[in-house]
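Structure file protein.cif with mmCIF, N, CA and C atoms:
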```cif
data_final
#
loop_
_atom_site.label_atom_id
_atom_site.label_comp_id
_atom_site.auth_asym_id
_atom_site.auth_seq_id
_atom_site.Cartn_x
_atom_site.Cartn_y
_atom_site.Cartn_z
N MET A 1 28.50 20.46 14.45
CA MET A 1 27.67 20.95 15.52
C MET A 1 26.51 19.98 15.75
N ARG A 2 26.30 19.64 16.99
CA ARG A 2 25.25 18.67 17.34
C ARG A 2 23.88 19.31 17.17
N ARG A 3 22.98 18.55 16.55
CA ARG A 3 21.62 19.03 16.35
C ARG A 3 20.69 18.25 17.27
N GLU A 4 20.00 18.97 18.14
CA GLU A 4 19.06 18.36 19.07
C GLU A 4 17.73 18.12 18.37
N PHE A 5 16.92 17.26 18.97
CA PHE A 5 15.60 16.98 18.41
C PHE A 5 14.65 18.13 18.74
N PRO A 6 13.84 18.55 17.77
CA PRO A 6 12.82 19.57 18.06
C PRO A 6 11.78 19.02 19.04
N SER A 7 11.06 19.92 19.70
CA SER A 7 10.09 19.48 20.72
C SER A 7 8.99 18.61 20.11
N LYS A 8 8.58 18.87 18.88
CA LYS A 8 7.55 18.04 18.23
C LYS A 8 8.03 16.60 18.08
N VAL A 9 9.29 16.44 17.71
CA VAL A 9 9.85 15.10 17.54
C VAL A 9 9.95 14.39 18.89
N ARG A 10 10.36 15.11 19.93
CA ARG A 10 10.46 14.49 21.26
C ARG A 10 9.10 14.04 21.78
N VAL A 11 8.08 14.87 21.58
CA VAL A 11 6.72 14.51 22.03
C VAL A 11 6.23 13.29 21.27
N ALA A 12 6.43 13.26 19.95
CA ALA A 12 5.98 12.12 19.14
C ALA A 12 6.74 10.85 19.51
N ALA A 13 8.04 10.97 19.77
CA ALA A 13 8.83 9.79 20.13
C ALA A 13 8.41 9.24 21.49
N PHE A 14 8.14 10.13 22.45
CA PHE A 14 7.72 9.68 23.78
C PHE A 14 6.36 9.00 23.70
N ALA A 15 5.46 9.53 22.87
CA ALA A 15 4.14 8.90 22.69
C ALA A 15 4.29 7.55 22.01
N ARG A 16 5.17 7.44 21.04
CA ARG A 16 5.40 6.17 20.35
C ARG A 16 5.94 5.12 21.32
N ALA A 17 6.82 5.54 22.23
CA ALA A 17 7.41 4.61 23.19
C ALA A 17 6.46 4.25 24.32
N GLY A 18 5.40 5.00 24.48
CA GLY A 18 4.44 4.71 25.54
C GLY A 18 4.97 5.00 26.93
N GLY A 19 5.91 5.93 27.04
CA GLY A 19 6.48 6.27 28.34
C GLY A 19 7.47 5.26 28.87
N LYS A 20 7.95 4.38 28.00
CA LYS A 20 8.91 3.35 28.41
C LYS A 20 10.20 3.48 27.61
N CYS A 21 11.27 2.94 28.18
CA CYS A 21 12.55 2.89 27.48
C CYS A 21 12.41 1.93 26.31
N GLU A 22 12.83 2.36 25.13
CA GLU A 22 12.70 1.51 23.95
C GLU A 22 13.74 0.39 23.92
N SER A 23 14.69 0.42 24.83
CA SER A 23 15.71 -0.62 24.86
C SER A 23 15.37 -1.70 25.89
N CYS A 24 15.12 -1.30 27.13
CA CYS A 24 14.89 -2.29 28.18
C CYS A 24 13.44 -2.37 28.64
N GLY A 25 12.61 -1.39 28.29
CA GLY A 25 11.19 -1.44 28.64
C GLY A 25 10.83 -0.91 30.01
N VAL A 26 11.78 -0.33 30.74
CA VAL A 26 11.47 0.21 32.06
C VAL A 26 10.63 1.48 31.89
N VAL A 27 9.69 1.69 32.82
CA VAL A 27 8.84 2.88 32.78
C VAL A 27 9.69 4.09 33.18
N ILE A 28 9.62 5.13 32.39
CA ILE A 28 10.40 6.34 32.65
C ILE A 28 9.59 7.24 33.57
N ARG A 29 10.13 7.50 34.76
CA ARG A 29 9.45 8.30 35.77
C ARG A 29 9.69 9.79 35.50
N PRO A 30 8.78 10.66 35.98
CA PRO A 30 8.96 12.09 35.76
C PRO A 30 10.25 12.66 36.36
N GLY A 31 10.67 12.18 37.52
CA GLY A 31 11.90 12.68 38.13
C GLY A 31 13.16 12.24 37.40
N ASN A 32 13.08 11.12 36.71
CA ASN A 32 14.22 10.59 35.96
C ASN A 32 13.84 10.63 34.49
N GLY A 33 13.88 11.83 33.92
CA GLY A 33 13.36 12.07 32.58
C GLY A 33 13.98 11.21 31.50
N PRO A 34 13.31 11.16 30.35
CA PRO A 34 13.82 10.35 29.24
C PRO A 34 15.02 11.01 28.57
N HIS A 35 15.83 10.18 27.96
CA HIS A 35 16.95 10.66 27.15
C HIS A 35 16.59 10.35 25.71
N TYR A 36 16.74 11.34 24.85
CA TYR A 36 16.42 11.18 23.43
C TYR A 36 17.73 10.96 22.69
N ASP A 37 17.86 9.79 22.08
CA ASP A 37 19.12 9.39 21.46
C ASP A 37 18.96 9.30 19.95
N HIS A 38 20.02 9.68 19.24
CA HIS A 38 20.07 9.48 17.79
C HIS A 38 20.40 8.01 17.55
N ARG A 39 19.57 7.30 16.81
CA ARG A 39 19.88 5.90 16.47
C ARG A 39 21.13 5.86 15.60
N VAL A 40 21.16 6.69 14.57
CA VAL A 40 22.38 6.91 13.80
C VAL A 40 22.98 8.19 14.37
N PRO A 41 24.19 8.14 14.93
CA PRO A 41 24.75 9.31 15.60
C PRO A 41 24.75 10.55 14.71
N ASP A 42 24.54 11.69 15.33
CA ASP A 42 24.52 12.96 14.62
C ASP A 42 25.85 13.21 13.92
N ALA A 43 26.95 12.84 14.55
CA ALA A 43 28.27 13.06 13.97
C ALA A 43 28.53 12.18 12.75
N VAL A 44 27.76 11.12 12.59
CA VAL A 44 27.92 10.21 11.46
C VAL A 44 26.95 10.57 10.34
N GLY A 45 26.02 11.48 10.61
CA GLY A 45 25.09 11.91 9.58
C GLY A 45 23.64 11.67 9.92
N GLY A 46 23.35 11.28 11.16
CA GLY A 46 21.97 11.05 11.57
C GLY A 46 21.19 12.35 11.67
N GLU A 47 20.01 12.34 11.14
CA GLU A 47 19.15 13.53 11.13
C GLU A 47 18.30 13.58 12.40
N PRO A 48 17.89 14.77 12.84
CA PRO A 48 17.01 14.88 14.01
C PRO A 48 15.54 14.67 13.64
N THR A 49 15.22 13.46 13.19
CA THR A 49 13.86 13.13 12.77
C THR A 49 13.26 12.09 13.70
N ILE A 50 11.97 11.87 13.57
CA ILE A 50 11.27 10.89 14.42
C ILE A 50 11.79 9.48 14.17
N ASP A 51 12.16 9.17 12.94
CA ASP A 51 12.67 7.83 12.62
C ASP A 51 14.03 7.57 13.25
N ASN A 52 14.79 8.62 13.51
CA ASN A 52 16.13 8.48 14.07
C ASN A 52 16.15 8.73 15.57
N CYS A 53 15.01 8.95 16.18
CA CYS A 53 14.94 9.27 17.60
C CYS A 53 14.54 8.03 18.40
N ALA A 54 15.30 7.75 19.45
CA ALA A 54 14.98 6.65 20.36
C ALA A 54 14.84 7.21 21.77
N VAL A 55 13.80 6.79 22.48
CA VAL A 55 13.58 7.20 23.86
C VAL A 55 14.22 6.14 24.75
N LEU A 56 15.22 6.55 25.54
CA LEU A 56 15.96 5.62 26.38
C LEU A 56 16.01 6.11 27.82
N CYS A 57 16.20 5.16 28.74
CA CYS A 57 16.47 5.54 30.12
C CYS A 57 17.94 5.94 30.21
N ARG A 58 18.31 6.54 31.33
CA ARG A 58 19.67 7.03 31.48
C ARG A 58 20.71 5.91 31.35
N ALA A 59 20.43 4.76 31.96
CA ALA A 59 21.39 3.65 31.94
C ALA A 59 21.59 3.12 30.52
N CYS A 60 20.50 2.89 29.80
CA CYS A 60 20.61 2.37 28.43
C CYS A 60 21.29 3.38 27.51
N HIS A 61 21.02 4.68 27.74
CA HIS A 61 21.62 5.71 26.90
C HIS A 61 23.13 5.75 27.09
N SER A 62 23.60 5.66 28.34
CA SER A 62 25.04 5.70 28.57
C SER A 62 25.73 4.46 28.02
N VAL A 63 25.08 3.30 28.12
CA VAL A 63 25.66 2.07 27.57
C VAL A 63 25.75 2.15 26.06
N LYS A 64 24.68 2.60 25.40
CA LYS A 64 24.67 2.70 23.94
C LYS A 64 25.72 3.70 23.46
N THR A 65 25.81 4.84 24.14
CA THR A 65 26.76 5.86 23.73
C THR A 65 28.19 5.35 23.83
N SER A 66 28.53 4.69 24.94
CA SER A 66 29.91 4.26 25.13
C SER A 66 30.29 3.04 24.29
N THR A 67 29.33 2.16 24.01
CA THR A 67 29.69 0.93 23.28
C THR A 67 29.45 1.01 21.78
N GLU A 68 28.52 1.86 21.34
CA GLU A 68 28.21 1.92 19.91
C GLU A 68 28.57 3.26 19.27
N ASP A 69 28.12 4.36 19.88
CA ASP A 69 28.26 5.66 19.24
C ASP A 69 29.71 6.15 19.20
N VAL A 70 30.40 6.11 20.32
CA VAL A 70 31.76 6.64 20.38
C VAL A 70 32.70 5.90 19.43
N PRO A 71 32.69 4.55 19.39
CA PRO A 71 33.54 3.87 18.41
C PRO A 71 33.15 4.18 16.96
N ALA A 72 31.86 4.29 16.67
CA ALA A 72 31.43 4.59 15.30
C ALA A 72 31.87 5.99 14.88
N ILE A 73 31.77 6.95 15.78
CA ILE A 73 32.19 8.31 15.47
C ILE A 73 33.70 8.36 15.27
N ALA A 74 34.46 7.66 16.11
CA ALA A 74 35.91 7.64 15.97
C ALA A 74 36.33 7.02 14.65
N LYS A 75 35.67 5.93 14.27
CA LYS A 75 36.00 5.29 12.99
C LYS A 75 35.67 6.20 11.83
N THR A 76 34.53 6.89 11.90
CA THR A 76 34.15 7.81 10.84
C THR A 76 35.19 8.91 10.68
N LYS A 77 35.68 9.44 11.79
CA LYS A 77 36.71 10.49 11.72
C LYS A 77 38.01 9.95 11.15
N ARG A 78 38.40 8.72 11.56
CA ARG A 78 39.63 8.13 11.02
C ARG A 78 39.55 7.92 9.53
N VAL A 79 38.41 7.37 9.06
CA VAL A 79 38.24 7.11 7.63
C VAL A 79 38.23 8.41 6.85
N ARG A 80 37.52 9.43 7.37
CA ARG A 80 37.46 10.72 6.68
C ARG A 80 38.85 11.35 6.59
N ASN A 81 39.60 11.33 7.69
CA ASN A 81 40.94 11.92 7.68
C ASN A 81 41.88 11.17 6.76
N LYS A 82 41.75 9.85 6.71
CA LYS A 82 42.59 9.07 5.80
C LYS A 82 42.23 9.37 4.35
N HIS A 83 40.93 9.53 4.08
CA HIS A 83 40.47 9.78 2.72
C HIS A 83 40.98 11.12 2.19
N ILE A 84 40.99 12.14 3.04
CA ILE A 84 41.44 13.45 2.59
C ILE A 84 42.92 13.68 2.89
N ASN A 85 43.60 12.64 3.36
CA ASN A 85 45.03 12.67 3.65
C ASN A 85 45.36 13.75 4.67
N ALA A 86 44.54 13.87 5.69
CA ALA A 86 44.72 14.90 6.71
C ALA A 86 45.80 14.51 7.71
N GLU A 87 45.98 13.24 7.94
CA GLU A 87 46.98 12.80 8.91
C GLU A 87 48.24 12.38 8.18
N GLN A 88 49.21 13.27 8.19
CA GLN A 88 50.48 12.97 7.55
C GLN A 88 51.31 12.12 8.51
N LYS A 89 51.97 11.14 7.97
CA LYS A 89 52.84 10.32 8.81
C LYS A 89 54.09 11.13 9.12
N ARG A 90 54.46 11.11 10.38
CA ARG A 90 55.64 11.84 10.81
C ARG A 90 56.86 10.95 10.63
N PRO A 91 57.97 11.55 10.21
CA PRO A 91 59.17 10.73 10.06
C PRO A 91 59.67 10.27 11.43
N GLY A 92 60.20 9.09 11.45
CA GLY A 92 60.73 8.55 12.70
C GLY A 92 62.07 9.17 13.05
N PHE A 93 62.65 8.70 14.12
CA PHE A 93 63.94 9.20 14.58
C PHE A 93 65.02 8.73 13.61
N ARG A 94 65.74 9.64 13.02
CA ARG A 94 66.75 9.31 12.01
C ARG A 94 68.14 9.36 12.62
N GLY A 95 68.41 8.47 13.48
CA GLY A 95 69.72 8.44 14.09
C GLY A 95 69.73 7.44 15.23
N TRP A 96 70.70 7.60 16.11
CA TRP A 96 70.77 6.73 17.28
C TRP A 96 71.50 7.46 18.39
N ARG A 97 71.44 6.90 19.58
CA ARG A 97 72.12 7.49 20.73
C ARG A 97 73.29 6.59 21.12
N LYS A 98 74.38 7.24 21.47
CA LYS A 98 75.53 6.50 21.99
C LYS A 98 75.27 6.19 23.46
N PHE A 99 76.12 5.37 24.04
CA PHE A 99 75.95 5.01 25.44
C PHE A 99 76.12 6.21 26.37
N ASP A 100 76.88 7.22 25.94
CA ASP A 100 77.04 8.40 26.78
C ASP A 100 75.88 9.39 26.62
N GLY A 101 74.91 9.10 25.74
CA GLY A 101 73.72 9.93 25.59
C GLY A 101 73.77 10.90 24.43
N THR A 102 74.89 11.00 23.75
CA THR A 102 74.96 11.92 22.61
C THR A 102 74.21 11.32 21.42
N VAL A 103 73.64 12.21 20.62
CA VAL A 103 72.85 11.79 19.47
C VAL A 103 73.71 11.82 18.22
N VAL A 104 73.64 10.74 17.46
CA VAL A 104 74.34 10.66 16.18
C VAL A 104 73.28 10.66 15.10
N ARG A 105 73.31 11.69 14.25
CA ARG A 105 72.32 11.78 13.18
C ARG A 105 72.88 11.17 11.91
N ARG A 106 72.00 10.72 11.06
CA ARG A 106 72.42 10.15 9.78
C ARG A 106 72.63 11.22 8.77
#
```

Exercise: express the given structure as structure tokens:
Amino acid sequence: MRREFPSKVRVAAFARAGGKCESCGVVIRPGNGPHYDHRVPDAVGGEPTIDNCAVLCRACHSVKTSTEDVPAIAKTKRVRNKHINAEQKRPGFRGWRKFDGTVVRR
């Protein structure tokens, strides 16, 4: 379950950033509010703390999520499933088809 940042953390992070995107430095306008991003993704074990909170503009947040967070989360899930042997390999097709379409099993 995703854990959002508490309001105290969001206020402190916005003050730390000085009202600017911490990635590109653009001033965040009131109509285009800030996005609060986990530096270490929540699904990978990142905590909702001030040290793990980054204030980003919408564009930087979407780029970071698609290029860094999604691949890291997918790899974490693959490694975890492999470690606990959750993904069983399925047996392949044990036979062949004749030219008329009938199946010959071994």

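Atom pair atom N of Ser23 of chain A / atom CA of Leu56 of chain A has a distance of 5.6 Å (rounded to one decimal).
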
Q. Using only C-alpha atoms, which residue out of A:Ala12, A:Ala86, A:Ile73, A:Ala59 lies closest to Gly46 of chain A?
A. A:Ile73

Q.
Under the PyMOL selection byres (((chain A and resi 3 and name CA) around 8) and name CA), which residues of this model are included? Write them out as a list in words.
A. Met1, Arg2, Glu4, Phe5, Asp42, Glu47 and Pro48 of chain A

Mind checking which residues fall within 12 Å of Lys64 of chain A, counting only C-alpha atoms, ignoring those fewer than 3 positions away in the same chain, and posting them as a tab-separated table (two decimals) with N, CA and C atoms, in the coordinates of the input?
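Output (around_15.tsv):
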```tsv
chain	number	residue	atom	x	y	z
A	23	SER	N	14.69	0.42	24.83
A	23	SER	CA	15.71	-0.62	24.86
A	23	SER	C	15.37	-1.70	25.89
A	24	CYS	N	15.12	-1.30	27.13
A	24	CYS	CA	14.89	-2.29	28.18
A	24	CYS	C	13.44	-2.37	28.64
A	35	HIS	N	15.83	10.18	27.96
A	35	HIS	CA	16.95	10.66	27.15
A	35	HIS	C	16.59	10.35	25.71
A	36	TYR	N	16.74	11.34	24.85
A	36	TYR	CA	16.42	11.18	23.43
A	36	TYR	C	17.73	10.96	22.69
A	37	ASP	N	17.86	9.79	22.08
A	37	ASP	CA	19.12	9.39	21.46
A	37	ASP	C	18.96	9.30	19.95
A	38	HIS	N	20.02	9.68	19.24
A	38	HIS	CA	20.07	9.48	17.79
A	38	HIS	C	20.40	8.01	17.55
A	39	ARG	N	19.57	7.30	16.81
A	39	ARG	CA	19.88	5.90	16.47
A	39	ARG	C	21.13	5.86	15.60
A	40	VAL	N	21.16	6.69	14.57
A	40	VAL	CA	22.38	6.91	13.80
A	40	VAL	C	22.98	8.19	14.37
A	41	PRO	N	24.19	8.14	14.93
A	41	PRO	CA	24.75	9.31	15.60
A	41	PRO	C	24.75	10.55	14.71
A	54	ALA	N	15.30	7.75	19.45
A	54	ALA	CA	14.98	6.65	20.36
A	54	ALA	C	14.84	7.21	21.77
A	55	VAL	N	13.80	6.79	22.48
A	55	VAL	CA	13.58	7.20	23.86
A	55	VAL	C	14.22	6.14	24.75
A	56	LEU	N	15.22	6.55	25.54
A	56	LEU	CA	15.96	5.62	26.38
A	56	LEU	C	16.01	6.11	27.82
A	57	CYS	N	16.20	5.16	28.74
A	57	CYS	CA	16.47	5.54	30.12
A	57	CYS	C	17.94	5.94	30.21
A	58	ARG	N	18.31	6.54	31.33
A	58	ARG	CA	19.67	7.03	31.48
A	58	ARG	C	20.71	5.91	31.35
A	59	ALA	N	20.43	4.76	31.96
A	59	ALA	CA	21.39	3.65	31.94
A	59	ALA	C	21.59	3.12	30.52
A	60	CYS	N	20.50	2.89	29.80
A	60	CYS	CA	20.61	2.37	28.43
A	60	CYS	C	21.29	3.38	27.51
A	61	HIS	N	21.02	4.68	27.74
A	61	HIS	CA	21.62	5.71	26.90
A	61	HIS	C	23.13	5.75	27.09
A	67	THR	N	29.33	2.16	24.01
A	67	THR	CA	29.69	0.93	23.28
A	67	THR	C	29.45	1.01	21.78
A	68	GLU	N	28.52	1.86	21.34
A	68	GLU	CA	28.21	1.92	19.91
A	68	GLU	C	28.57	3.26	19.27
A	69	ASP	N	28.12	4.36	19.88
A	69	ASP	CA	28.26	5.66	19.24
A	69	ASP	C	29.71	6.15	19.20
A	70	VAL	N	30.40	6.11	20.32
A	70	VAL	CA	31.76	6.64	20.38
A	70	VAL	C	32.70	5.90	19.43
A	71	PRO	N	32.69	4.55	19.39
A	71	PRO	CA	33.54	3.87	18.41
A	71	PRO	C	33.15	4.18	16.96
A	72	ALA	N	31.86	4.29	16.67
A	72	ALA	CA	31.43	4.59	15.30
A	72	ALA	C	31.87	5.99	14.88
```

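When all atoms listed in the file are used to compute distances to Ile50 of chain A, the closest of the residues A:Arg10, A:Lys77, A:Val104, A:Lys98 turns out to be A:Arg10.
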
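Between atom N of Ala17 of chain A and atom CA of Gly33 of chain A there is a distance of 13.9 Å.
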
Q: May I have all residues of chain A that DSSP, computed from the backbone, assigns to helix (DSSP H, G or I), given as a ChimeraX atom specification?
A: /A:7-17,42-44,50-52,58-83

Print the selection's residues with N, CA and C atoms to a file, as a short mmCIF file (atom, residue, chain, number, x, y, z; two decimals), keeping the file's coordinate frame.
```cif
data_model
loop_
_atom_site.label_atom_id
_atom_site.label_comp_id
_atom_site.auth_asym_id
_atom_site.auth_seq_id
_atom_site.Cartn_x
_atom_site.Cartn_y
_atom_site.Cartn_z
N SER A 7 11.06 19.92 19.70
CA SER A 7 10.09 19.48 20.72
C SER A 7 8.99 18.61 20.11
N LYS A 8 8.58 18.87 18.88
CA LYS A 8 7.55 18.04 18.23
C LYS A 8 8.03 16.60 18.08
N VAL A 9 9.29 16.44 17.71
CA VAL A 9 9.85 15.10 17.54
C VAL A 9 9.95 14.39 18.89
N ARG A 10 10.36 15.11 19.93
CA ARG A 10 10.46 14.49 21.26
C ARG A 10 9.10 14.04 21.78
N VAL A 11 8.08 14.87 21.58
CA VAL A 11 6.72 14.51 22.03
C VAL A 11 6.23 13.29 21.27
N ALA A 12 6.43 13.26 19.95
CA ALA A 12 5.98 12.12 19.14
C ALA A 12 6.74 10.85 19.51
N ALA A 13 8.04 10.97 19.77
CA ALA A 13 8.83 9.79 20.13
C ALA A 13 8.41 9.24 21.49
N PHE A 14 8.14 10.13 22.45
CA PHE A 14 7.72 9.68 23.78
C PHE A 14 6.36 9.00 23.70
N ALA A 15 5.46 9.53 22.87
CA ALA A 15 4.14 8.90 22.69
C ALA A 15 4.29 7.55 22.01
N ARG A 16 5.17 7.44 21.04
CA ARG A 16 5.40 6.17 20.35
C ARG A 16 5.94 5.12 21.32
N ALA A 17 6.82 5.54 22.23
CA ALA A 17 7.41 4.61 23.19
C ALA A 17 6.46 4.25 24.32
N ASP A 42 24.54 11.69 15.33
CA ASP A 42 24.52 12.96 14.62
C ASP A 42 25.85 13.21 13.92
N ALA A 43 26.95 12.84 14.55
CA ALA A 43 28.27 13.06 13.97
C ALA A 43 28.53 12.18 12.75
N VAL A 44 27.76 11.12 12.59
CA VAL A 44 27.92 10.21 11.46
C VAL A 44 26.95 10.57 10.34
N ILE A 50 11.97 11.87 13.57
CA ILE A 50 11.27 10.89 14.42
C ILE A 50 11.79 9.48 14.17
N ASP A 51 12.16 9.17 12.94
CA ASP A 51 12.67 7.83 12.62
C ASP A 51 14.03 7.57 13.25
N ASN A 52 14.79 8.62 13.51
CA ASN A 52 16.13 8.48 14.07
C ASN A 52 16.15 8.73 15.57
N ARG A 58 18.31 6.54 31.33
CA ARG A 58 19.67 7.03 31.48
C ARG A 58 20.71 5.91 31.35
N ALA A 59 20.43 4.76 31.96
CA ALA A 59 21.39 3.65 31.94
C ALA A 59 21.59 3.12 30.52
N CYS A 60 20.50 2.89 29.80
CA CYS A 60 20.61 2.37 28.43
C CYS A 60 21.29 3.38 27.51
N HIS A 61 21.02 4.68 27.74
CA HIS A 61 21.62 5.71 26.90
C HIS A 61 23.13 5.75 27.09
N SER A 62 23.60 5.66 28.34
CA SER A 62 25.04 5.70 28.57
C SER A 62 25.73 4.46 28.02
N VAL A 63 25.08 3.30 28.12
CA VAL A 63 25.66 2.07 27.57
C VAL A 63 25.75 2.15 26.06
N LYS A 64 24.68 2.60 25.40
CA LYS A 64 24.67 2.70 23.94
C LYS A 64 25.72 3.70 23.46
N THR A 65 25.81 4.84 24.14
CA THR A 65 26.76 5.86 23.73
C THR A 65 28.19 5.35 23.83
N SER A 66 28.53 4.69 24.94
CA SER A 66 29.91 4.26 25.13
C SER A 66 30.29 3.04 24.29
N THR A 67 29.33 2.16 24.01
CA THR A 67 29.69 0.93 23.28
C THR A 67 29.45 1.01 21.78
N GLU A 68 28.52 1.86 21.34
CA GLU A 68 28.21 1.92 19.91
C GLU A 68 28.57 3.26 19.27
N ASP A 69 28.12 4.36 19.88
CA ASP A 69 28.26 5.66 19.24
C ASP A 69 29.71 6.15 19.20
N VAL A 70 30.40 6.11 20.32
CA VAL A 70 31.76 6.64 20.38
C VAL A 70 32.70 5.90 19.43
N PRO A 71 32.69 4.55 19.39
CA PRO A 71 33.54 3.87 18.41
C PRO A 71 33.15 4.18 16.96
N ALA A 72 31.86 4.29 16.67
CA ALA A 72 31.43 4.59 15.30
C ALA A 72 31.87 5.99 14.88
N ILE A 73 31.77 6.95 15.78
CA ILE A 73 32.19 8.31 15.47
C ILE A 73 33.70 8.36 15.27
N ALA A 74 34.46 7.66 16.11
CA ALA A 74 35.91 7.64 15.97
C ALA A 74 36.33 7.02 14.65
N LYS A 75 35.67 5.93 14.27
CA LYS A 75 36.00 5.29 12.99
C LYS A 75 35.67 6.20 11.83
N THR A 76 34.53 6.89 11.90
CA THR A 76 34.15 7.81 10.84
C THR A 76 35.19 8.91 10.68
N LYS A 77 35.68 9.44 11.79
CA LYS A 77 36.71 10.49 11.72
C LYS A 77 38.01 9.95 11.15
N ARG A 78 38.40 8.72 11.56
CA ARG A 78 39.63 8.13 11.02
C ARG A 78 39.55 7.92 9.53
N VAL A 79 38.41 7.37 9.06
CA VAL A 79 38.24 7.11 7.63
C VAL A 79 38.23 8.41 6.85
N ARG A 80 37.52 9.43 7.37
CA ARG A 80 37.46 10.72 6.68
C ARG A 80 38.85 11.35 6.59
N ASN A 81 39.60 11.33 7.69
CA ASN A 81 40.94 11.92 7.68
C ASN A 81 41.88 11.17 6.76
N LYS A 82 41.75 9.85 6.71
CA LYS A 82 42.59 9.07 5.80
C LYS A 82 42.23 9.37 4.35
N HIS A 83 40.93 9.53 4.08
CA HIS A 83 40.47 9.78 2.72
C HIS A 83 40.98 11.12 2.19
#
```

Write out as lines of an AutoDock Vina configuration file an axis-aligned box for segment 4-12 of chain A: all of its atoms listed in the file, 8 Å added on each side, centre and edge lengths in Å with one decimal.
```
center_x = 13.0
center_y = 15.4
center_z = 19.8
size_x = 30.0
size_y = 25.1
size_z = 20.5
```

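The residues of chain A that DSSP classifies as strand (DSSP E), using the backbone of this structure, are A:His35, A:Tyr36, A:Asp37, A:His38, A:Cys53, A:Ala54, A:Val55, A:Leu56, A:Gly95, A:Trp96, A:Arg97, A:Val103, A:Val104, A:Arg105.
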
Q) Quick one, how far is atom CA of Phe93 of chain A from atom N of Val79 of chain A? A) 26.2 Å
